[in-house]
$ cat data-v5.txt   # compact mmCIF, C-alpha atoms
# COMPACT_ATOMS: atom_id res chain seq x y z
CA MET E 122 0.00 0.00 0.00
CA THR E 123 3.08 2.22 0.01
CA SER E 124 4.33 3.59 -3.29
CA ARG E 125 7.62 1.70 -2.93
CA GLY E 126 6.01 -1.44 -1.58
CA THR E 127 3.53 -1.87 -4.40
CA PRO E 128 4.50 -2.08 -8.08
CA SER E 129 3.83 0.86 -10.38
CA ARG E 130 4.24 1.55 -14.06
CA PHE E 131 4.11 4.37 -16.58
CA LEU E 132 1.21 4.87 -18.95
CA LYS E 133 1.81 3.22 -22.27
CA SER E 134 0.00 1.47 -25.08
CA VAL E 135 0.95 -1.93 -26.43
CA LEU E 136 3.11 -1.18 -29.52
CA GLN E 137 1.21 2.10 -30.25
CA ASN E 138 -1.99 0.11 -30.82
CA GLY E 139 -4.48 2.74 -31.90
CA VAL E 140 -2.22 4.83 -34.11
CA GLY E 141 -2.59 2.71 -37.22
CA ARG E 142 -4.77 -0.33 -37.05
CA TYR E 143 -6.43 -1.33 -33.76
CA VAL E 144 -5.82 -4.91 -32.65
CA CYS E 145 -8.00 -6.27 -29.86
CA GLN E 146 -5.63 -7.38 -27.13
CA LEU E 147 -7.91 -10.06 -25.75
CA LYS E 148 -6.71 -13.44 -26.97
CA ARG E 149 -8.84 -16.00 -25.20
CA LEU E 150 -11.90 -16.01 -22.95
CA SER E 151 -12.77 -19.07 -20.90
CA ILE E 152 -16.13 -19.06 -19.16
CA ILE E 153 -16.10 -21.61 -16.33
CA PHE E 154 -19.49 -22.24 -14.78
CA SER E 155 -21.63 -24.96 -13.27
CA LYS E 156 -24.67 -26.50 -14.92
CA ASN E 157 -26.79 -26.77 -11.82
CA ALA E 158 -25.61 -24.29 -9.18
CA GLN E 159 -27.52 -21.13 -8.20
CA SER E 160 -24.49 -18.84 -8.51
CA SER E 161 -24.09 -19.62 -12.21
CA LEU E 162 -27.68 -18.69 -13.09
CA GLY E 163 -26.70 -15.43 -14.75
CA VAL E 164 -23.82 -17.10 -16.59
CA ARG E 165 -26.13 -19.78 -17.95
CA GLY E 166 -28.56 -17.10 -19.11
CA PHE E 167 -25.73 -15.22 -20.80
CA ILE E 168 -24.55 -18.38 -22.55
CA GLU E 169 -28.04 -19.05 -23.81
CA GLU E 170 -28.50 -15.60 -25.31
CA GLY E 171 -25.37 -13.44 -25.47
CA VAL E 172 -22.24 -15.53 -26.03
CA VAL E 173 -22.73 -16.29 -29.72
CA ASP E 174 -23.39 -12.62 -30.54
CA TYR E 175 -20.33 -11.62 -28.55
CA ALA E 176 -18.16 -14.17 -30.36
CA LYS E 177 -19.43 -12.99 -33.75
CA TYR E 178 -18.83 -9.36 -32.80
CA ASN E 179 -15.24 -10.06 -31.69
CA PRO E 180 -13.81 -12.43 -34.29
CA SER E 181 -10.26 -12.07 -32.99
CA THR E 182 -11.10 -13.46 -29.53
CA VAL E 183 -11.55 -17.19 -28.95
CA VAL E 184 -14.34 -18.02 -26.50
CA TYR E 185 -14.27 -21.29 -24.59
CA VAL E 186 -17.34 -22.37 -22.63
CA SER E 187 -16.53 -25.07 -20.08
CA PRO E 188 -19.24 -26.34 -17.75
CA GLN E 189 -17.61 -27.93 -14.73
CA SER E 190 -18.79 -28.70 -11.25
CA CYS E 191 -17.43 -25.63 -9.50
CA ARG E 192 -18.68 -23.45 -6.68
CA ILE E 193 -17.78 -20.09 -8.16
CA PRO E 194 -18.26 -19.26 -11.83
CA LYS E 195 -15.30 -17.45 -13.37
CA ILE E 196 -14.31 -15.73 -16.58
CA VAL E 197 -10.61 -16.15 -17.39
CA ALA E 198 -9.28 -13.63 -19.91
CA GLU E 199 -5.86 -14.12 -21.55
CA TYR E 200 -4.18 -11.26 -23.35
CA LEU E 201 -1.66 -11.04 -26.16
CA ASN E 202 1.16 -10.02 -23.83
CA GLY E 203 0.62 -13.12 -21.70
CA ASN E 204 -1.25 -11.63 -18.74
CA VAL E 205 -4.13 -13.66 -17.37
CA ARG E 206 -7.04 -11.99 -15.60
CA GLU E 207 -9.76 -13.82 -13.71
CA GLU E 208 -13.13 -12.25 -12.98
CA ILE E 209 -15.49 -13.90 -10.54
CA VAL E 210 -19.10 -13.63 -11.72
CA THR E 211 -21.10 -15.28 -8.91
CA SER E 212 -24.71 -14.13 -8.78
CA LYS E 213 -24.41 -11.65 -11.63
CA THR E 214 -27.17 -11.09 -14.14
CA SER E 215 -26.69 -11.66 -17.84
CA ILE E 216 -26.48 -7.92 -18.52
CA GLN E 217 -23.81 -7.45 -15.86
CA ILE E 218 -21.80 -10.29 -17.35
CA SER E 219 -21.93 -8.70 -20.80
CA GLU E 220 -20.70 -5.45 -19.21
CA VAL E 221 -17.82 -7.39 -17.66
CA LEU E 222 -17.00 -8.84 -21.07
CA THR E 223 -16.97 -5.42 -22.75
CA LYS E 224 -14.67 -4.17 -20.01
CA LEU E 225 -12.28 -7.09 -20.57
CA THR E 226 -12.38 -6.59 -24.33
CA ASN E 227 -11.48 -2.93 -24.09
CA GLN E 228 -8.54 -3.50 -21.74
CA SER E 229 -5.04 -3.92 -23.02
CA GLY E 230 -3.29 -6.69 -21.15
CA LEU E 231 -1.02 -4.38 -19.16
CA ASP E 232 -0.95 -4.77 -15.37
CA ILE E 233 -3.58 -2.95 -13.38
CA ILE E 234 -1.26 -1.21 -10.92
CA ARG E 235 -0.63 2.39 -9.97
CA LEU E 236 0.09 4.67 -12.89
CA ARG E 237 2.82 7.13 -12.04
CA LYS E 238 1.60 9.79 -14.47
CA PRO E 239 -1.71 9.96 -16.31
CA PHE E 240 0.05 11.08 -19.50
CA HIS E 241 3.00 10.02 -21.67
CA THR E 242 4.82 11.69 -24.57
CA ASP E 243 7.68 10.50 -26.70
CA ASN E 244 8.47 14.10 -27.67
CA PRO E 245 7.92 16.26 -24.59
CA SER E 246 9.78 19.29 -25.91
CA ILE E 247 9.05 21.00 -29.24
CA GLN E 248 10.92 24.28 -28.86
CA GLY E 249 13.95 22.54 -27.40
CA GLN E 250 14.44 21.57 -23.78
CA TRP E 251 15.80 24.29 -21.50
CA HIS E 252 19.55 24.20 -20.82
CA PRO E 253 21.59 26.87 -19.01
CA PHE E 254 22.52 28.61 -22.24
CA THR E 255 19.02 28.97 -23.76
CA ASN E 256 18.32 32.43 -22.41
CA ARG E 257 21.87 33.74 -22.40
CA PRO E 258 22.99 35.97 -25.26
CA PRO E 259 26.18 34.73 -26.90
CA CYS E 260 29.30 36.74 -25.96
CA ILE E 261 30.99 36.16 -29.32
CA GLY E 262 29.15 37.40 -32.39
CA PRO E 263 28.24 35.23 -35.37
CA ILE E 264 31.21 33.45 -36.94
CA ARG E 265 32.17 35.19 -40.21
CA PRO E 266 35.10 34.62 -42.59
CA GLN E 267 38.08 36.83 -41.70
CA LYS E 268 38.87 40.04 -43.62
CA GLN E 269 41.03 39.69 -46.78
CA ASP E 270 44.05 41.67 -45.37
CA ALA E 271 44.39 39.18 -42.55
CA GLU E 272 44.05 36.29 -45.04
CA GLN E 273 46.89 37.60 -47.17
CA GLY E 274 49.03 38.20 -44.11
CA LEU E 275 48.46 34.59 -42.94
CA SER E 276 49.14 33.15 -46.39
CA ASN E 277 52.46 35.10 -46.51
CA ILE E 278 53.48 33.46 -43.26
CA MET N 261 -6.67 -48.18 33.14
CA VAL N 262 -8.13 -45.75 30.65
CA PHE N 263 -6.42 -42.44 29.96
CA LEU N 264 -9.20 -40.02 29.17
CA SER N 265 -7.60 -36.66 29.82
CA LEU N 266 -4.71 -37.18 27.37
CA SER N 267 -6.90 -36.35 24.38
CA CYS N 268 -8.12 -33.17 26.08
CA TRP N 269 -4.57 -31.81 26.13
CA ILE N 270 -4.31 -31.75 22.30
CA ARG N 271 -5.14 -28.30 21.00
CA SER N 272 -6.09 -27.52 17.45
CA ARG N 273 -4.70 -24.10 16.56
CA GLY N 274 -6.04 -21.86 13.83
CA PRO N 275 -5.29 -23.02 10.28
CA ASP N 276 -4.58 -19.61 8.67
CA ARG N 277 -1.54 -18.37 10.59
CA TYR N 278 0.77 -18.56 7.58
CA TRP N 279 -1.47 -16.39 5.41
CA LYS N 280 -2.19 -13.87 8.14
CA VAL N 281 1.55 -13.45 8.69
CA GLN N 282 2.31 -13.28 4.98
CA ASP N 283 -0.33 -10.55 4.50
CA ILE N 284 1.71 -8.29 6.72
CA VAL N 285 5.24 -9.46 5.96
CA LYS N 286 4.76 -9.12 2.18
CA ASN N 287 4.40 -5.37 2.68
CA ALA N 288 7.77 -5.32 4.46
CA LYS N 289 9.81 -7.26 1.91
CA HIS N 290 11.84 -4.21 0.87
CA PHE N 291 12.78 -3.20 4.43
CA ARG N 292 16.20 -3.48 6.01
CA GLY N 293 17.25 -5.99 8.63
CA ARG N 294 15.04 -8.44 10.48
CA LYS N 295 11.96 -6.27 9.99
CA ASN N 296 11.51 -7.85 6.56
CA ARG N 297 11.33 -11.41 7.94
CA CYS N 298 10.17 -11.54 11.56
CA TYR N 299 6.49 -10.95 12.21
CA LYS N 300 6.82 -9.13 15.54
CA LEU N 301 9.18 -6.52 14.14
CA ALA N 302 7.42 -6.35 10.78
CA VAL N 303 4.06 -5.50 12.32
CA LYS N 304 5.38 -2.31 13.89
CA ALA N 305 7.40 -1.34 10.83
CA VAL N 306 4.50 -1.92 8.41
CA ARG N 307 2.12 0.10 10.54
CA ARG N 308 4.60 3.02 10.56
CA ALA N 309 5.10 2.71 6.83
CA PHE N 310 1.34 2.95 6.21
CA VAL N 311 1.04 5.94 8.51
CA TYR N 312 3.87 7.68 6.67
CA ALA N 313 2.22 6.83 3.34
CA THR N 314 -1.04 8.43 4.48
CA LYS N 315 0.70 11.57 5.70
CA GLY N 316 2.86 11.64 2.58
CA ARG N 317 -0.12 11.79 0.25
CA ARG N 318 -1.04 15.19 1.70
CA LEU N 319 2.57 16.36 1.79
CA LYS N 320 3.14 15.37 -1.84
CA LYS N 321 0.61 17.93 -3.05
CA ARG N 322 2.29 20.68 -1.02
CA ASN N 323 5.79 19.69 -2.07
CA MET N 324 4.94 19.50 -5.76
CA ARG N 325 3.38 22.96 -5.61
CA THR N 326 6.45 24.49 -3.94
CA LEU N 327 8.64 22.78 -6.55
CA TRP N 328 6.60 24.26 -9.39
CA ILE N 329 6.67 27.69 -7.77
CA SER N 330 10.44 27.65 -7.31
CA ARG N 331 10.92 26.54 -10.93
CA ILE N 332 8.64 29.31 -12.24
CA ALA N 333 10.45 31.85 -10.03
CA ALA N 334 13.85 30.77 -11.39
CA ALA N 335 12.63 30.88 -14.99
CA SER N 336 11.04 34.30 -14.61
CA ARG N 337 14.15 35.69 -12.96
CA GLU N 338 16.05 34.70 -16.09
CA HIS N 339 13.78 37.10 -17.95
CA GLY N 340 14.13 39.86 -15.35
CA MET N 341 10.83 39.40 -13.55
CA LYS N 342 9.90 38.04 -10.14
CA TYR N 343 7.44 35.23 -9.42
CA PRO N 344 4.68 37.22 -7.65
CA VAL N 345 4.69 39.87 -10.37
CA LEU N 346 4.45 37.23 -13.09
CA MET N 347 1.58 35.31 -11.50
CA HIS N 348 -0.40 38.39 -10.49
CA ASN N 349 -0.21 39.87 -13.94
CA LEU N 350 -1.06 36.57 -15.61
CA THR N 351 -4.21 36.28 -13.51
CA LYS N 352 -5.09 39.89 -14.35
CA THR N 353 -4.89 39.11 -18.06
CA SER N 354 -7.10 36.04 -17.35
CA VAL N 355 -4.44 33.53 -18.41
CA GLN N 356 -5.76 30.62 -16.40
CA LEU N 357 -2.72 28.35 -16.51
CA ASN N 358 -1.88 26.57 -13.29
CA ARG N 359 1.59 26.37 -11.82
CA ARG N 360 2.18 22.83 -13.03
CA VAL N 361 1.59 23.77 -16.67
CA ILE N 362 3.63 26.97 -16.46
CA SER N 363 6.60 25.13 -14.92
CA ASP N 364 6.39 22.45 -17.66
CA LEU N 365 6.35 25.20 -20.29
CA ALA N 366 9.38 26.82 -18.67
CA ILE N 367 11.26 23.53 -18.97
CA THR N 368 10.19 22.15 -22.34
CA GLU N 369 8.98 25.27 -24.19
CA PRO N 370 11.25 28.17 -23.20
CA ARG N 371 10.06 30.51 -25.95
CA SER N 372 6.40 30.15 -24.94
CA PHE N 373 7.41 30.95 -21.39
CA LEU N 374 9.22 34.03 -22.67
CA SER N 375 6.05 35.20 -24.40
CA LEU N 376 4.07 34.64 -21.18
CA ALA N 377 6.63 36.76 -19.33
CA LYS N 378 6.26 39.49 -21.96
CA VAL N 379 2.47 39.43 -21.61
CA ALA N 380 2.81 39.84 -17.86
CA ARG N 381 5.33 42.67 -18.30
CA ALA N 382 3.01 44.50 -20.71
CA ARG N 383 0.10 44.19 -18.32
CA GLN N 384 2.27 45.49 -15.51
CA GLN N 385 3.24 48.54 -17.53
CA GLU N 386 -0.40 49.23 -18.38
CA GLY N 387 -1.22 48.97 -14.70
CA PHE N 388 1.45 51.51 -13.85
CA ARG N 389 0.23 53.88 -16.55
CA ALA N 390 -3.36 53.54 -15.33
CA ALA N 391 -2.33 54.19 -11.74
CA LEU N 392 0.01 57.10 -12.39
CA GLY N 393 -1.39 58.66 -15.55
CA ASP N 394 -4.99 59.05 -14.34
CA GLY N 395 -6.26 58.45 -17.88
CA LYS N 396 -9.94 57.87 -18.60
CA GLU N 397 -9.53 54.58 -20.47
CA PRO N 398 -6.65 52.12 -20.35
CA VAL N 399 -4.44 52.67 -23.35
CA GLY N 400 -3.27 49.13 -23.90
CA VAL N 401 -4.92 45.90 -24.98
CA PHE N 402 -4.04 43.53 -22.15
CA SER N 403 -6.05 45.24 -19.46
CA ARG N 404 -9.34 44.73 -21.30
CA VAL N 405 -10.79 41.61 -19.69
CA VAL N 406 -13.20 39.64 -21.90
CA LEU N 407 -16.24 38.31 -20.02
CA LEU N 408 -17.37 35.05 -21.61
CA GLN N 409 -21.07 34.38 -21.11

$ encode --input "data-v5.txt" --output "structure tokens"
Amino acid sequence: MTSRGTPSRFLKSVLQNGVGRYVCQLKRLSIIFSKNAQSSLGVRGFIEEGVVDYAKYNPSTVVYVSPQSCRIPKIVAEYLNGNVREEIVTSKTSIQISEVLTKLTNQSGLDIIRLRKPFHTDNPSIQGQWHPFTNRPPCIGPIRPQKQDAEQGLSNI
Amino acid sequence: MVFLSLSCWIRSRGPDRYWKVQDIVKNAKHFRGRKNRCYKLAVKAVRRAFVYATKGRRLKKRNMRTLWISRIAAASREHGMKYPVLMHNLTKTSVQLNRRVISDLAITEPRSFLSLAKVARARQQEGFRAALGDGKEPVGVFSRVVLLQ
């Protein structure tokens, strides 16, 4: 809970995702639920109505539906950078589960930890970063070629 | 002979001690000495750390503001102005930039900061002329404040 004790990261996007094409970072969704338990009622309702539409709408994400005998229904989301996120969906309605799925789809797979700054630039300075000589007038004037008398004198030597 | 009281002497302790200890000691892993391993010492150290973190969140806002102010003061002194003059005249010309933005401009955009300093200087001169000259209308442009409705 301290800033040094907990991990933190800077804001970034995965390989500048939105600049050109947008690639959905969600690789795989596994919906683990039970066929007969009360807690998976909403999940079962969602699988009856919403899963196929979701899978058609997001062709780049693979959806696995695995009914097991489990006490708590879960949605396991795997991202392209390898992070795995588990959401517990006990006693959620079908609409709430679709909201959870949209949230997981819109996330990039980066860790959900403290962001040090809410902004990030690759080019922070446009006029040139300040250095101690920016606002000091130069003591020597502009460099010009020497006068011709001096040139002839030097060439004689 | 039947020994009945032997079984009463066996105690079953709580099953979660390891996780309760780890909950606290994991927050102390980056500490120095035995405080990062031993529970008794870690408890006190972790509590202090959390208290300092709470106090530090309020101090951080104050410290960042003083840092910005000192940076703006140094940058404006390079252009021959002082910090209070700069800020007062910027507010009078309704330039509503906060100290964080102005200090970032002074670092990464020195010419924009120079133009801000010139705006403040011009407004200051108009103020002097209005105070000393006793004219009917202000001569310059910067003292006309636009009211957006």

$ closest_atom_pairs --input "data-v5.txt" --of "chain E" --to "chain N" --cutoff "8 Å" --atoms "all atoms listed in the file" --output "tab-separated table"
residue	atom	partner	partner_atom	distance
E:Met122	CA	N:Phe310	CA	7.0
E:Thr123	CA	N:Ala313	CA	5.8
E:Ser124	CA	N:Ala313	CA	7.7
E:Gly126	CA	N:Asn287	CA	6.0
E:Thr127	CA	N:Asn287	CA	7.9
E:Pro245	CA	N:Thr368	CA	6.7
E:Ser246	CA	N:Thr368	CA	4.6
E:Ile247	CA	N:Glu369	CA	6.6
E:Gln248	CA	N:Glu369	CA	5.2
E:Gly249	CA	N:Thr368	CA	6.3
E:Gln250	CA	N:Thr368	CA	4.5
E:Trp251	CA	N:Ile367	CA	5.3
E:Thr255	CA	N:Pro370	CA	7.8
E:Asn256	CA	N:Glu338	CA	7.1

$ residues_around --input "data-v5.txt" --residues "range 347-357 of chain N" --least-positions-apart "3" --cutoff "12 Å" --atoms "all atoms listed in the file" --output "PyMOL selection string"
chain N and resi 329+332-333+336+341-344+360-365+373+375-388+400-408

$ residues_around --input "data-v5.txt" --residues "range 268-285 of chain N" --least-positions-apart "3" --cutoff "9 Å" --atoms "only C-alpha atoms" --output "list of chain:residue names"
N:Leu264, N:Ser265, N:Ala288, N:Lys289, N:Lys295, N:Asn296, N:Arg297, N:Cys298, N:Tyr299, N:Ala302, N:Val303, N:Val306

$ atom_distance --input "data-v5.txt" --atom1 "CA of Leu136 in chain E" --atom2 "CA of Leu231 in chain E"
11.6 Å

$ atom_distance --input "data-v5.txt" --atom1 "CA of Tyr178 in chain E" --atom2 "CA of Tyr200 in chain E"
17.5 Å

$ atom_distance --input "data-v5.txt" --atom1 "CA of Ile216 in chain E" --atom2 "CA of Leu201 in chain E"
26.2 Å

$ closest_residue --input "data-v5.txt" --among "E:Thr211, E:Asn138, E:Gln228, E:Thr223" --to "Gln159 in chain E" --atoms "all atoms listed in the file"
E:Thr211

$ residues_around --input "data-v5.txt" --residues "Glu220 in chain E" --least-positions-apart "3" --cutoff "12 Å" --atoms "all atoms listed in the file" --output "ChimeraX atom specification"
/E:167,171,175,208,210,213-217,223-227
